[in-house]
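K.L.:
One structure, as structure tokens, below. Some questions next.
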Amino acid sequence: MASLQSSCTVLATNPNHRVYPFSTKPSHLLINARQSHRFKVSCNGGSDQKPSSVDRRKMLLGLGGLYGAANLISDQKAQANPIKPPEFKSCGSAHDFATGDPLDVNCCPPISDDIKEYKLPPVHKKRVRPAAHKLSDEYAAKYAEALRRMRELDMKDPSDPRGFTQQANIHCAYCNGAHDQAGFPGVDISVHYSWIFFPFHRWYLYFYERILGSLIDDPTFALPFWNWDNPKGMQLPKIFDDPNSALYDANRNQDHRPPAVVSLTLGSDATDPVQIISNNLSAMYNEMIGGVTSATDFMGQPYREGDPVPPVPQGGTSERGSHIGVHAWVGDPRNKYREDLGNFYSAGKDPAFYSHHANVDRMWTIWRNIKTDYSKDIMDGDYLNSSFLFYDEKKQLVSVKSGDCLDYKRMGYEYEKIDTPWMNYRPPKKAAKAKIEDISKGAKKGEKVFPLTLKETVRVLVSIPRQGKDNQVLVLEDIETDSTKLVKFDVYVNDEDDQPENVDKAEYAGTFAQLPHRVHSKKSKGNLRLSLKELYENIDIGDDDTVVVTIVPRYSGEDVTIGGVKIIPAT
């Protein structure tokens with residue numbers, strides 16, 4: 001475990017920030033020169049620095065950041081706070097915080113002092129990532145052979161960063177407390193539940209794919225994606241279910257082998273495949289369209305250097321939804337921590353992980369092309385300049401930035417075109433408006449309920465503010481969970497059922513889902529925001545000034561506390 005003692009000195013705190021134009025190139029559109037909301041270091045970016053001033057160039061490099069003079073605002077006193085790569089030399093061990101047991105894996109990567117800034121190579125021909133359930137026998141055999149050779153590297157040289165175990169450990173190291181943030185001892189770096197979730201995993205798959213292609217000398221090789229958002233792909237692809245293949249992993253839920261239909265909604269009691277599929281499509285519509293009214297709704301909330309590990313509610317709708325659903329559905333309940341796919345530290349050990357995340361990445365590409373009335377661009381320099389370290393196919397340690405992966409076609413790949421039936425799966429509007437006096441029977445006022453432990457379904461009366469009724473959000477405040485547990489609950493508004501079971505209905509507002517993970521703090525706490533804009537239209541809220549919010553625990557409700565519920569105008 002990396003050191004738990006913090007040596008950081010707070011010089012000043014100031015939540016105000018400014019954004020300065022920086023570059024029109026995709027590499028970085030803007031740099032965020034902001035006063036840190038936690039730490040401030042005075043520095044001068046001009047060439048006339050006094051001997052006693054802090055040289056911010058040297059400071060950033062000394063903290064493990066890979067930023068040169070080009071990332072500074074000339075003649076401006078600036079403070080940028082993007083997440084920087086961890087220092088591999090300071091990597092520690094990961095362990096379980098519930099029991100203190102060490103995890104059976106050393107997450108730490110090979111150490112190298114030779115770090116180069118990665119430049120995307122020219123694209124001569126795009127790699128087309130195919131749907132895994134449609135693979136030809138020839139392509140499946142090629143994929144299996146590439147992974148066999150990757151596993152073979154584990155035996156030849158366990159320190160080879162291209163080996164399968166080393167590739168799997170990347171996810172563990174960035175997710176489970178092995179790495180501290182550079183310059184912030186005792187503060188974990190985490191690539192989940194924030195706006196760096198999608199960029200990190202896109203880069204991760206990019207290098208994994210290129211390594212596989214290099215091992216079989218095929219630069220056109222493209223990673224198959226698990227098409228779990230389409231009914232034809234809603235089962236574990238058969239290429240992963242052959243015990244004689246390098247693509248197989250025994251640590252999976254044996255009840256969920258093909259032809260079992262995957263449940264993206266996690267915890268529903270539905271057993272009828274038709275109902276499961278209907279729930280899946282409804283959940284996909286909600287997390288991609290219906291429940292999204294801003295870029296950060298989908299991508300996740302800001303995460304900057306010095307911030308603690310983001311709590312689950314800071315994740316975007318897709319990450320908290322289908323992404324977690326598939327992880328948990330495949331994970332093996334016979335194992336203490338639901339390894340492999342059911343826990344962040346071990347997820348990369350299952351080859352299905354990479355095809356699962358290829359579809360997660362595909363969701364990002366699809367969302368970017370959905371017509372909306374909000375901007376999908378995050379122009380904050382702390383997002384664009386967040387950076388990570390990976391080994392490439394030549395075993396070279398390279399640094400990459402979030403802003404350089406926004407255009408996936410510049411990275412040389414695209415996805416096979418597949419129908420997205422969930423786009424047309426908006427819940428039908430209620431035929432008749434629910435009468436609040438009828439559905440409120442048995443519901444309690446918030447002040448008499450909260451804070452509460454979610455041991456059972458709770459129904460709460462919540463006031464609707466008059467201001468901004470055309471675009472409001474439901475906020476579940478101070479949600480605290482045990483980060484070592486699988487947690488899930490669903491939220492409904494004005495549902496006439498006391499115990500809603502399915503999500504294919506107009507009253508479904510959204511979900512909270514947490515996969516077990518190991519970080520310095522066993523407890524995770526944050527606020528969950530769910531958009532009500534489209535839901536209000538679906539249920540015809542009319543002139544009502546009160547709604548009934550129903551919160552249904554699906555997994556580990558006894559490990560969840562909620563501080564309160566309110567409705568506020570969207571900001």
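Simple scheme: letters A, B, ... for chains in structure tokens order, numbers from 1 for residues in each chain, numbers from 1 for ligands in the order shown.
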Might you pull out every residue within 7 Å of stretch 471-486 of chain A, with only C-alpha atoms counted and same-chain residues fewer than 2 positions away left off, and present them as a PyMOL selection string?

P.N.:
chain A and resi 98+468-469+488+514-518+522-533+555-556+559-570

K.L.:
Please extract the residues of stretch 197-395 of chain A with a backbone DSSP assignment of helix (DSSP H, G or I) and present them as a VMD selection string.

P.N.:
chain A and resid 197 to 215 231 to 233 238 to 240 254 to 256 273 to 290 295 to 299 312 to 314 317 to 330 347 to 349 352 to 368 381 to 384

K.L.:
Would you kindly return, as a list of chain:residue names, each protein, DNA or RNA residue with an atom no farther than 8 Å from any atom of A:Ser282, considering only C-alpha atoms and excluding same-chain residues fewer than 4 positions away?

P.N.:
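Surrounding residues, per the criterion: A:Ser278, A:Asn286, A:Trp422, A:Tyr425, A:Arg426, A:Pro427, A:Val503, A:Asp504, A:Lys505.
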
K.L.:
Deliver the residues from the most recent selection as a file, using N, CA, C and O atoms, as a compact mmCIF listing (two decimals), in the first residue's frame.

P.N.:
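The new file selection_31.txt reads:
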# COMPACT_ATOMS: atom_id res chain seq x y z
N SER A 278 -36.64 -5.96 -22.26
CA SER A 278 -37.37 -4.70 -22.17
C SER A 278 -36.75 -3.78 -21.12
O SER A 278 -36.58 -2.57 -21.35
N ASN A 286 -32.63 5.49 -20.93
CA ASN A 286 -32.54 6.43 -19.82
C ASN A 286 -31.13 6.96 -19.64
O ASN A 286 -30.92 8.17 -19.47
N TRP A 422 -32.59 0.72 -28.61
CA TRP A 422 -32.92 1.48 -27.40
C TRP A 422 -33.18 2.96 -27.68
O TRP A 422 -33.81 3.64 -26.87
N TYR A 425 -36.75 3.66 -27.50
CA TYR A 425 -37.40 2.97 -26.37
C TYR A 425 -37.78 3.93 -25.25
O TYR A 425 -37.76 3.56 -24.08
N ARG A 426 -38.11 5.15 -25.63
CA ARG A 426 -38.61 6.07 -24.61
C ARG A 426 -39.89 5.50 -24.02
O ARG A 426 -40.79 5.05 -24.75
N PRO A 427 -40.03 5.51 -22.69
CA PRO A 427 -41.23 4.95 -22.06
C PRO A 427 -42.48 5.68 -22.55
O PRO A 427 -42.46 6.90 -22.74
N VAL A 503 -37.95 -1.50 -14.83
CA VAL A 503 -37.59 -0.12 -15.15
C VAL A 503 -38.18 0.34 -16.47
O VAL A 503 -37.96 1.49 -16.87
N ASP A 504 -38.93 -0.51 -17.15
CA ASP A 504 -39.53 -0.11 -18.43
C ASP A 504 -40.86 0.59 -18.20
O ASP A 504 -41.91 0.14 -18.64
N LYS A 505 -40.79 1.73 -17.52
CA LYS A 505 -41.99 2.47 -17.18
C LYS A 505 -41.66 3.95 -17.09
O LYS A 505 -40.51 4.35 -16.84

K.L.:
For A:Ile366, work out the shell of residues within 12 Å, counting only C-alpha atoms and skipping chain neighbours fewer than 5 positions away, then give it as a PDB file with C-alpha atoms, in the first residue's frame.

P.N.:
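Saved as around20.pdb:
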ATOM      1  CA  ASP A 229     -27.139  -3.061 -25.863  1.00  0.00           C
ATOM      2  CA  MET A 284     -30.155   2.130 -22.079  1.00  0.00           C
ATOM      3  CA  MET A 288     -28.066   7.649 -22.977  1.00  0.00           C
ATOM      4  CA  ILE A 289     -30.935  10.071 -23.647  1.00  0.00           C
ATOM      5  CA  PHE A 298     -23.142  11.399 -19.141  1.00  0.00           C
ATOM      6  CA  SER A 318     -23.519   5.114 -18.504  1.00  0.00           C
ATOM      7  CA  ASN A 359     -18.917  -1.453 -26.055  1.00  0.00           C
ATOM      8  CA  VAL A 360     -18.746   1.098 -23.228  1.00  0.00           C
ATOM      9  CA  ASP A 361     -16.420   3.113 -25.460  1.00  0.00           C
ATOM     10  CA  LYS A 371     -28.841  15.331 -31.362  1.00  0.00           C
ATOM     11  CA  LYS A 376     -21.296  17.636 -25.398  1.00  0.00           C
ATOM     12  CA  TYR A 408     -11.460   8.165 -31.846  1.00  0.00           C
ATOM     13  CA  GLU A 414     -14.178   2.678 -35.727  1.00  0.00           C
ATOM     14  CA  TYR A 415     -17.041   0.311 -34.930  1.00  0.00           C
ATOM     15  CA  LYS A 417     -22.467  -0.495 -37.674  1.00  0.00           C
ATOM     16  CA  ILE A 418     -25.107  -2.192 -35.526  1.00  0.00           C
ATOM     17  CA  ASP A 419     -28.715  -1.200 -34.846  1.00  0.00           C
ATOM     18  CA  THR A 420     -29.431   0.614 -31.573  1.00  0.00           C
ATOM     19  CA  TRP A 422     -32.925   1.482 -27.398  1.00  0.00           C
ATOM     20  CA  MET A 423     -32.903   4.866 -29.134  1.00  0.00           C
TER      21      MET A 423
END

K.L.:
So which bits of stretch 439-560 of chain A end up strand (DSSP E or B) when you DSSP the backbone, as JSON, numbers by chain?

P.N.:
{"A": [444, 445, 452, 453, 458, 459, 460, 461, 462, 463, 472, 473, 474, 475, 476, 477, 478, 479, 480, 481, 482, 487, 488, 489, 490, 491, 492, 493, 508, 509, 510, 511, 512, 513, 514, 523, 524, 525, 526, 527, 528, 529, 530, 531, 546, 547, 548, 549, 550, 551, 552, 553, 554, 555, 560]}

K.L.:
Under the rule that only C-alpha atoms are counted, which of A:Val487, A:Leu135, A:Leu247, A:Ala434 is the nearest residue to A:Gly342?

P.N.:
A:Val487

K.L.:
Which residue is closest to A:Thr165? Choose from A:Asn385, A:Ser136, A:Ser112, A:Ser346 and count only C-alpha atoms.

P.N.:
A:Ser346
